[in-house]
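What follows is one structure encoded as structure tokens, with my remarks underneath.
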Amino acid sequence: MTPLAQRASDWLASRRDEMEDTLRRIVDIDSGSRDAAGIDAVGEAMAALLEADGIAVTRIPNDVYGGVLKAEIPGRTGGAPVLVMGHRDTVYPKGTVAARPFSRDGDTAFGPGVADMKGGLVVDVFVLRALKAAGGTGFPLIGLFTADEEIGSPSGRAVIEQVARGARAAFNAEPGRASGNVVTARKGGLTLDITVTGRAAHSGVNHADGASAIGALAAKITALHALTDYPSGITTNVGVIRGGRTHNTVADHAEAALDIRFRSVDQLDGILARIEAILAAEDVPGTSASYQRGHLFMPLEERHSAELFARYQTAATEIGFAVDGEFTGGCADSGFTGALGVPSLCGLGPVGGAAHTEREWCRLDTLVPRAQALAVTIADLDA
């Protein structure tokens with residue numbers, strides 16, 4: 001362990017209570033996606049800690065989603081920066097905190113977003129503070145905290161790509177897996193909103209004059225689901241359907257939301273071409289289909305995380321815990337940095353689970369060691 005890494009690790013060693021207090025404070029702020037006021041309030045709580053330690057914070061405002069927070073520690077010698085990343089939004093609606101605020105049972109904490117990913121935000125903030133207190137790195141260190149990852153990063157992606165392009169490394173503090181592992185690879189994801197149009201008719205009087213959009217959509221769903229190929233990592237799932245007017249009317253419209261997951265960037269064009277062919281087919285005469293693309297998450301491919309993971313494993317051993325890498329089908333902003341060719345590692349927050357549910361939990365006893373391992377990994381990049 002380098003002297004810088006040792007100083008940062010020592011600084012973090014006594015911060016358990018402070019980290020838990022910070023986690024309680026930000027969990028007890030409703031910050032569901034598009035709750036710009038709540039998301040920005042979480043950002044201000046983070047900024048107060050960073051600025052108190054002399055770390056410069058820039059606020060990039062956005063009235064719709066909430067702003068981006070950018071913290072910067074200048075490097076002693078310059079060069080390509082290293083990023084630590086996280087998102088401040090959760091999936092929970094306003095009022096959730098009043099119903100079930102932060103709580104704890106022994107070393108396990110509960111509450112909306114406690115793992116995904118407010119625990120990771122705490123790790124990020126304290127790692128930045130620790131490295132600043134330890135004397136700083138030779139390269140610039142940037143903390144980038146966005147507002148809308150849970151809904152596909154519609155405003156955050158452009159900022160992430162702008163800041164990350166050419167970076168030396170990116171570390172995303174999404175929750176550590178329930179197994180204790182970090183994330184070395186993630187699927188990419190794309191949502192398509194499908195619309196099918198048909199021709200209405202009375203289902204008893206002149207059924208033959210109708211063209212059922214629901215019938216056409218049903219045929220397309222069967223074909224779309226058949227594209228799932230587990231060995232290649234491609235999955236397709238129609239998770240929402242709507243359509244029709246009444247039970248005795250041939251449906252003239254139907255809609256569906258299709259979720260597509262894929263393991264590598266080069267799979268996307270092929271799967272889209274097959275989907276477009278399915279949608280172009282006239283399964284029921286007189287019907288037609290169209291689609292609109294939703295937000296796209298890029299995959300984090302293992303080739304972009306391998307070197308950083310090896311460094312992180314070494315750091316974790318020095319801190320005193322064992323860790324392995326894990327693939328997950330969930331998407332995250334680390335896919336955007338990986339797709340730029342930036343070495344990227346994810347799942348570096350405290351160990352947690354049951355994300356997006358009322359049972360969401362986080363292990364408080366992993367806050368300090370996970371922060372130490374990340375700080376040591378970053379500091380050792382300076383060697």
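Chain lettering (A, B, ...) mirrors the order of the structure tokens, residue numbering begins at 1 for each chain separately, and ligand numbering begins at 1 in order of display.
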
Contacts of Gly95 (chain A) at 10 Å (only C-alpha atoms; same-chain gap of 2+ positions) as a PyMOL selection string
chain A and resi 29-32+92-93+97-101

Emit the selected residues as a short mmCIF file (atom, residue, chain, number, x, y, z; two decimals), in the first residue's frame, including all heavy atoms.
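Saved result, selection_13.cif, follows:
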data_model
loop_
_atom_site.label_atom_id
_atom_site.label_comp_id
_atom_site.auth_asym_id
_atom_site.auth_seq_id
_atom_site.Cartn_x
_atom_site.Cartn_y
_atom_site.Cartn_z
N ILE A 29 -34.56 11.94 2.85
CA ILE A 29 -35.00 12.96 1.90
C ILE A 29 -35.62 12.23 0.72
O ILE A 29 -34.95 11.45 0.04
CB ILE A 29 -33.82 13.83 1.40
CG1 ILE A 29 -33.14 14.55 2.56
CG2 ILE A 29 -34.33 14.85 0.37
CD1 ILE A 29 -31.85 15.27 2.15
N ASP A 30 -36.92 12.42 0.48
CA ASP A 30 -37.54 11.84 -0.71
C ASP A 30 -36.83 12.37 -1.95
O ASP A 30 -36.68 13.59 -2.12
CB ASP A 30 -39.02 12.23 -0.80
CG ASP A 30 -39.91 11.41 0.12
OD1 ASP A 30 -39.72 10.18 0.19
OD2 ASP A 30 -40.79 12.00 0.77
N SER A 31 -36.40 11.46 -2.83
CA SER A 31 -35.71 11.89 -4.05
C SER A 31 -36.02 10.95 -5.20
O SER A 31 -35.12 10.50 -5.91
CB SER A 31 -34.20 12.00 -3.82
OG SER A 31 -33.64 10.75 -3.45
N GLY A 32 -37.30 10.66 -5.38
CA GLY A 32 -37.71 9.85 -6.52
C GLY A 32 -37.41 10.56 -7.83
O GLY A 32 -37.34 11.79 -7.88
N TYR A 92 -38.65 5.58 -5.54
CA TYR A 92 -39.77 5.68 -4.60
C TYR A 92 -40.49 7.02 -4.70
O TYR A 92 -39.85 8.08 -4.78
CB TYR A 92 -39.26 5.49 -3.17
CG TYR A 92 -38.56 4.16 -2.99
CD1 TYR A 92 -37.17 4.09 -2.98
CD2 TYR A 92 -39.28 2.99 -2.87
CE1 TYR A 92 -36.51 2.88 -2.83
CE2 TYR A 92 -38.63 1.77 -2.72
CZ TYR A 92 -37.25 1.72 -2.71
OH TYR A 92 -36.61 0.52 -2.58
N PRO A 93 -41.84 7.01 -4.66
CA PRO A 93 -42.60 8.26 -4.80
C PRO A 93 -42.49 9.14 -3.55
O PRO A 93 -42.12 8.67 -2.47
CB PRO A 93 -44.04 7.77 -4.99
CG PRO A 93 -44.08 6.43 -4.32
CD PRO A 93 -42.72 5.83 -4.55
N VAL A 97 -40.66 8.43 2.52
CA VAL A 97 -39.86 8.64 3.74
C VAL A 97 -40.75 8.79 4.96
O VAL A 97 -40.45 8.26 6.04
CB VAL A 97 -38.94 9.86 3.57
CG1 VAL A 97 -38.37 10.30 4.91
CG2 VAL A 97 -37.81 9.53 2.60
N ALA A 98 -41.87 9.51 4.81
CA ALA A 98 -42.78 9.67 5.95
C ALA A 98 -43.34 8.32 6.40
O ALA A 98 -43.56 8.09 7.60
CB ALA A 98 -43.91 10.62 5.58
N ALA A 99 -43.56 7.43 5.44
CA ALA A 99 -44.14 6.12 5.77
C ALA A 99 -43.11 5.16 6.35
O ALA A 99 -43.42 4.38 7.25
CB ALA A 99 -44.77 5.51 4.52
N ARG A 100 -41.90 5.19 5.84
CA ARG A 100 -40.87 4.27 6.35
C ARG A 100 -39.49 4.92 6.18
O ARG A 100 -38.76 4.68 5.24
CB ARG A 100 -40.91 2.91 5.67
CG ARG A 100 -40.93 2.90 4.16
CD ARG A 100 -40.97 1.47 3.63
NE ARG A 100 -40.80 1.47 2.19
CZ ARG A 100 -39.64 1.42 1.56
NH1 ARG A 100 -38.53 1.38 2.26
NH2 ARG A 100 -39.57 1.42 0.23
N PRO A 101 -39.13 5.76 7.14
CA PRO A 101 -37.83 6.43 7.10
C PRO A 101 -36.69 5.46 7.40
O PRO A 101 -36.91 4.27 7.63
CB PRO A 101 -37.96 7.48 8.20
CG PRO A 101 -38.93 6.87 9.18
CD PRO A 101 -39.92 6.11 8.32
#

Find the residues around Ser288 (chain A) up to 9 Å (only C-alpha atoms counted), leave out those fewer than 6 positions away in its own chain, and share them as a list in words.
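The filter keeps Thr195, Val196, Thr197, Gly198, Ala213, Ala216, Leu279, Ala280, Ala281 and Glu282 of chain A.
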
Using only C-alpha atoms, which residue out of A:Leu131, A:Ala173, A:Leu190, A:Ala322 lies closest to Arg293 (chain A)?
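For Arg293 (chain A), the nearest of the given residues is A:Leu190.
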
Tell me, as a list in words, which residues lie within 6 Å of Lys187 (chain A), counting only C-alpha atoms; anything in the same chain fewer than 5 positions away does not count.
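The residues satisfying every condition are Phe262, Arg263, Pro299, Gly329 and Cys331 of chain A.
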
Using the chain letters and numbers from this document, which residues of region 166-377 of chain A does DSSP assign to alpha helix (DSSP H), as an NGL selection string?
:A and (213-225 or 268-280 or 306-319 or 334-339 or 367-377)

Between CA of Gly156 (chain A) and CA of Met85 (chain A), what is the distance in Å, rounded to a tenth?
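Distance between the two atoms: 11.2 Å.
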
Could the residues of region 186-239 of chain A that have an atom at most 12 Å from region 267-271 of chain A be listed as JSON lines, each with its closest atom pair and the distance in Å to one decimal, counting only C-alpha atoms and ordered by chain and ascending residue number?
{"residue": "A:Lys187", "atom": "CA", "partner": "A:Gln267", "partner_atom": "CA", "distance": 10.9}
{"residue": "A:Gly188", "atom": "CA", "partner": "A:Leu268", "partner_atom": "CA", "distance": 8.9}
{"residue": "A:Gly189", "atom": "CA", "partner": "A:Leu268", "partner_atom": "CA", "distance": 9.2}
{"residue": "A:Leu190", "atom": "CA", "partner": "A:Leu268", "partner_atom": "CA", "distance": 9.1}
{"residue": "A:Leu224", "atom": "CA", "partner": "A:Ile271", "partner_atom": "CA", "distance": 10.1}
{"residue": "A:His225", "atom": "CA", "partner": "A:Ile271", "partner_atom": "CA", "distance": 11.9}
{"residue": "A:Ala226", "atom": "CA", "partner": "A:Ile271", "partner_atom": "CA", "distance": 11.7}
{"residue": "A:Leu227", "atom": "CA", "partner": "A:Ile271", "partner_atom": "CA", "distance": 8.0}
{"residue": "A:Thr228", "atom": "CA", "partner": "A:Ile271", "partner_atom": "CA", "distance": 9.8}
{"residue": "A:Asp229", "atom": "CA", "partner": "A:Ile271", "partner_atom": "CA", "distance": 10.6}
{"residue": "A:Ser232", "atom": "CA", "partner": "A:Gln267", "partner_atom": "CA", "distance": 9.1}
{"residue": "A:Gly233", "atom": "CA", "partner": "A:Gln267", "partner_atom": "CA", "distance": 9.5}
{"residue": "A:Ile234", "atom": "CA", "partner": "A:Gln267", "partner_atom": "CA", "distance": 8.3}
{"residue": "A:Thr235", "atom": "CA", "partner": "A:Ile271", "partner_atom": "CA", "distance": 9.9}
{"residue": "A:Thr236", "atom": "CA", "partner": "A:Ile271", "partner_atom": "CA", "distance": 9.6}

Can I get the selected residues back with N, CA and C atoms, as a JSON list (two decimals), in the first residue's frame?
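Dumped everything to selection.json:
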[["chain", "number", "residue", "atom", "x", "y", "z"],
["A", 187, "LYS", "N", -25.44, -5.84, -18.29],
["A", 187, "LYS", "CA", -26.13, -5.77, -19.57],
["A", 187, "LYS", "C", -26.46, -4.33, -19.94],
["A", 188, "GLY", "N", -26.59, -4.11, -21.25],
["A", 188, "GLY", "CA", -27.19, -2.89, -21.73],
["A", 188, "GLY", "C", -28.70, -3.08, -21.86],
["A", 189, "GLY", "N", -29.42, -2.00, -21.99],
["A", 189, "GLY", "CA", -30.87, -2.10, -22.08],
["A", 189, "GLY", "C", -31.47, -1.00, -22.93],
["A", 190, "LEU", "N", -32.56, -1.34, -23.60],
["A", 190, "LEU", "CA", -33.29, -0.38, -24.42],
["A", 190, "LEU", "C", -34.77, -0.70, -24.31],
["A", 224, "LEU", "N", -41.76, -11.62, -30.47],
["A", 224, "LEU", "CA", -40.73, -10.85, -29.77],
["A", 224, "LEU", "C", -40.13, -11.65, -28.62],
["A", 225, "HIS", "N", -40.97, -12.33, -27.87],
["A", 225, "HIS", "CA", -40.46, -13.13, -26.76],
["A", 225, "HIS", "C", -39.60, -14.30, -27.25],
["A", 226, "ALA", "N", -39.86, -14.76, -28.46],
["A", 226, "ALA", "CA", -39.07, -15.86, -29.01],
["A", 226, "ALA", "C", -37.64, -15.43, -29.34],
["A", 227, "LEU", "N", -37.37, -14.13, -29.33],
["A", 227, "LEU", "CA", -36.02, -13.65, -29.59],
["A", 227, "LEU", "C", -35.10, -13.83, -28.39],
["A", 228, "THR", "N", -35.66, -14.09, -27.22],
["A", 228, "THR", "CA", -34.83, -14.32, -26.03],
["A", 228, "THR", "C", -33.88, -15.48, -26.28],
["A", 229, "ASP", "N", -32.61, -15.24, -25.99],
["A", 229, "ASP", "CA", -31.57, -16.25, -26.21],
["A", 229, "ASP", "C", -30.64, -16.21, -24.99],
["A", 232, "SER", "N", -26.69, -16.31, -25.28],
["A", 232, "SER", "CA", -26.04, -15.10, -25.78],
["A", 232, "SER", "C", -26.25, -13.90, -24.86],
["A", 233, "GLY", "N", -27.16, -14.05, -23.88],
["A", 233, "GLY", "CA", -27.43, -12.96, -22.96],
["A", 233, "GLY", "C", -28.51, -12.00, -23.41],
["A", 234, "ILE", "N", -29.17, -12.28, -24.54],
["A", 234, "ILE", "CA", -30.24, -11.41, -25.03],
["A", 234, "ILE", "C", -31.57, -11.84, -24.43],
["A", 235, "THR", "N", -32.29, -10.88, -23.84],
["A", 235, "THR", "CA", -33.66, -11.15, -23.37],
["A", 235, "THR", "C", -34.59, -10.07, -23.89],
["A", 236, "THR", "N", -35.82, -10.47, -24.17],
["A", 236, "THR", "CA", -36.86, -9.54, -24.60],
["A", 236, "THR", "C", -38.07, -9.77, -23.72]]

Excluding Tyr291 (chain A) and any residue of its chain fewer than 2 positions from it, enumerate the residues within 10 Å of it, using only C-alpha atoms, and give them as a ChimeraX atom specification.
/A:191-196,255-258,276,279,289,293-294

Would you pick out the contacts of Gly86 (chain A) at 12 Å or less, using only C-alpha atoms, so that residues sharing its chain but fewer than 3 positions from it are not included, and give the list as an MDAnalysis selection string?
chainID A and resid 43 46 68:71 83 89:90 115:125 142:150 153 156 160 170:175 332:334 346:349

Preceding selection exported with N, CA and C atoms as a short mmCIF file (atom, residue, chain, number, x, y, z; two decimals), in the first residue's frame:
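Writing done, so here's again_35.cif:
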data_model
loop_
_atom_site.label_atom_id
_atom_site.label_comp_id
_atom_site.auth_asym_id
_atom_site.auth_seq_id
_atom_site.Cartn_x
_atom_site.Cartn_y
_atom_site.Cartn_z
N GLY A 43 -28.31 16.47 -3.05
CA GLY A 43 -27.06 17.03 -3.55
C GLY A 43 -26.48 18.09 -2.64
N MET A 46 -24.75 16.54 0.31
CA MET A 46 -23.44 16.04 -0.08
C MET A 46 -22.46 17.19 -0.29
N VAL A 68 -26.96 18.19 -11.88
CA VAL A 68 -25.78 17.34 -11.72
C VAL A 68 -24.81 18.06 -10.78
N LEU A 69 -24.22 17.30 -9.87
CA LEU A 69 -23.23 17.82 -8.94
C LEU A 69 -21.86 17.32 -9.39
N LYS A 70 -20.92 18.24 -9.56
CA LYS A 70 -19.57 17.88 -9.99
C LYS A 70 -18.57 18.40 -8.97
N ALA A 71 -17.91 17.48 -8.29
CA ALA A 71 -16.89 17.83 -7.30
C ALA A 71 -15.52 17.60 -7.91
N LEU A 83 -12.71 9.30 -12.22
CA LEU A 83 -14.07 9.64 -11.81
C LEU A 83 -14.57 8.69 -10.73
N ASP A 89 -31.15 9.91 -7.53
CA ASP A 89 -32.58 9.60 -7.58
C ASP A 89 -32.84 8.17 -7.12
N THR A 90 -34.06 7.94 -6.64
CA THR A 90 -34.52 6.61 -6.27
C THR A 90 -35.79 6.29 -7.06
N ALA A 115 -29.64 1.31 -0.16
CA ALA A 115 -28.59 0.62 -0.91
C ALA A 115 -28.42 1.22 -2.29
N ASP A 116 -29.53 1.44 -2.99
CA ASP A 116 -29.53 1.90 -4.39
C ASP A 116 -30.01 3.34 -4.48
N MET A 117 -29.09 4.32 -4.47
CA MET A 117 -27.71 4.04 -4.13
C MET A 117 -27.16 5.09 -3.17
N LYS A 118 -27.96 5.38 -2.13
CA LYS A 118 -27.50 6.40 -1.20
C LYS A 118 -26.34 5.92 -0.35
N GLY A 119 -26.27 4.61 -0.09
CA GLY A 119 -25.08 4.09 0.57
C GLY A 119 -23.84 4.32 -0.27
N GLY A 120 -23.97 4.16 -1.58
CA GLY A 120 -22.85 4.41 -2.48
C GLY A 120 -22.47 5.87 -2.55
N LEU A 121 -23.45 6.76 -2.46
CA LEU A 121 -23.15 8.19 -2.45
C LEU A 121 -22.31 8.54 -1.22
N VAL A 122 -22.64 7.94 -0.09
CA VAL A 122 -21.86 8.18 1.12
C VAL A 122 -20.42 7.70 0.92
N VAL A 123 -20.25 6.51 0.34
CA VAL A 123 -18.91 6.01 0.06
C VAL A 123 -18.16 6.99 -0.84
N ASP A 124 -18.78 7.46 -1.90
CA ASP A 124 -18.13 8.39 -2.82
C ASP A 124 -17.68 9.66 -2.11
N VAL A 125 -18.58 10.26 -1.34
CA VAL A 125 -18.25 11.52 -0.66
C VAL A 125 -17.08 11.33 0.31
N ILE A 142 -12.49 13.56 -9.88
CA ILE A 142 -13.81 14.17 -10.10
C ILE A 142 -14.89 13.27 -9.51
N GLY A 143 -15.78 13.87 -8.75
CA GLY A 143 -17.00 13.19 -8.30
C GLY A 143 -18.16 13.69 -9.13
N LEU A 144 -18.90 12.79 -9.77
CA LEU A 144 -19.99 13.17 -10.66
C LEU A 144 -21.27 12.50 -10.18
N PHE A 145 -22.24 13.31 -9.76
CA PHE A 145 -23.44 12.79 -9.11
C PHE A 145 -24.68 13.28 -9.87
N THR A 146 -25.30 12.37 -10.60
CA THR A 146 -26.40 12.71 -11.50
C THR A 146 -27.75 12.53 -10.82
N ALA A 147 -28.83 12.81 -11.58
CA ALA A 147 -30.15 12.94 -10.97
C ALA A 147 -31.21 12.00 -11.54
N ASP A 148 -30.90 11.21 -12.56
CA ASP A 148 -32.00 10.53 -13.25
C ASP A 148 -31.64 9.15 -13.79
N GLU A 149 -30.74 8.44 -13.13
CA GLU A 149 -30.32 7.12 -13.61
C GLU A 149 -31.47 6.13 -13.62
N GLU A 150 -32.35 6.21 -12.64
CA GLU A 150 -33.42 5.22 -12.52
C GLU A 150 -34.43 5.28 -13.67
N SER A 153 -31.28 7.94 -17.35
CA SER A 153 -30.31 9.04 -17.47
C SER A 153 -30.58 9.95 -18.67
N GLY A 156 -28.61 12.98 -17.57
CA GLY A 156 -27.30 12.67 -17.01
C GLY A 156 -26.31 12.11 -18.01
N ILE A 160 -22.26 12.81 -18.25
CA ILE A 160 -21.32 11.72 -17.95
C ILE A 160 -20.34 11.53 -19.11
N ALA A 170 -13.06 5.05 -14.24
CA ALA A 170 -14.34 5.46 -13.66
C ALA A 170 -14.79 4.39 -12.67
N PHE A 171 -15.20 4.84 -11.49
CA PHE A 171 -15.65 3.95 -10.43
C PHE A 171 -17.08 4.33 -10.04
N ASN A 172 -18.01 3.40 -10.21
CA ASN A 172 -19.42 3.68 -9.93
C ASN A 172 -19.84 2.95 -8.66
N ALA A 173 -20.32 3.69 -7.67
CA ALA A 173 -20.63 3.11 -6.36
C ALA A 173 -22.08 2.64 -6.25
N GLU A 174 -22.59 2.01 -7.31
CA GLU A 174 -23.84 1.28 -7.18
C GLU A 174 -23.68 0.25 -6.05
N PRO A 175 -24.78 -0.29 -5.50
CA PRO A 175 -24.63 -1.15 -4.33
C PRO A 175 -23.79 -2.39 -4.61
N ALA A 332 -26.67 0.33 -15.63
CA ALA A 332 -26.19 1.44 -14.81
C ALA A 332 -25.38 2.40 -15.66
N ASP A 333 -25.06 3.56 -15.08
CA ASP A 333 -24.32 4.58 -15.81
C ASP A 333 -22.90 4.16 -16.14
N SER A 334 -22.36 3.14 -15.46
CA SER A 334 -21.02 2.65 -15.79
C SER A 334 -20.96 2.10 -17.21
N CYS A 346 -17.88 -1.26 -11.23
CA CYS A 346 -19.18 -0.88 -10.68
C CYS A 346 -19.50 -1.72 -9.44
N GLY A 347 -20.58 -1.34 -8.76
CA GLY A 347 -21.02 -2.08 -7.57
C GLY A 347 -20.07 -1.89 -6.40
N LEU A 348 -19.51 -0.69 -6.25
CA LEU A 348 -18.48 -0.44 -5.25
C LEU A 348 -19.03 0.17 -3.96
N GLY A 349 -20.35 0.28 -3.86
CA GLY A 349 -20.96 0.77 -2.64
C GLY A 349 -21.01 -0.30 -1.57
#

8 Å contact set for region 301-312 of chain A, only C-alpha atoms, chain neighbours under 2 positions out, as a ChimeraX atom specification
/A:184-187,263-264,299,314-316,325,335,338,341-345,373-374,377
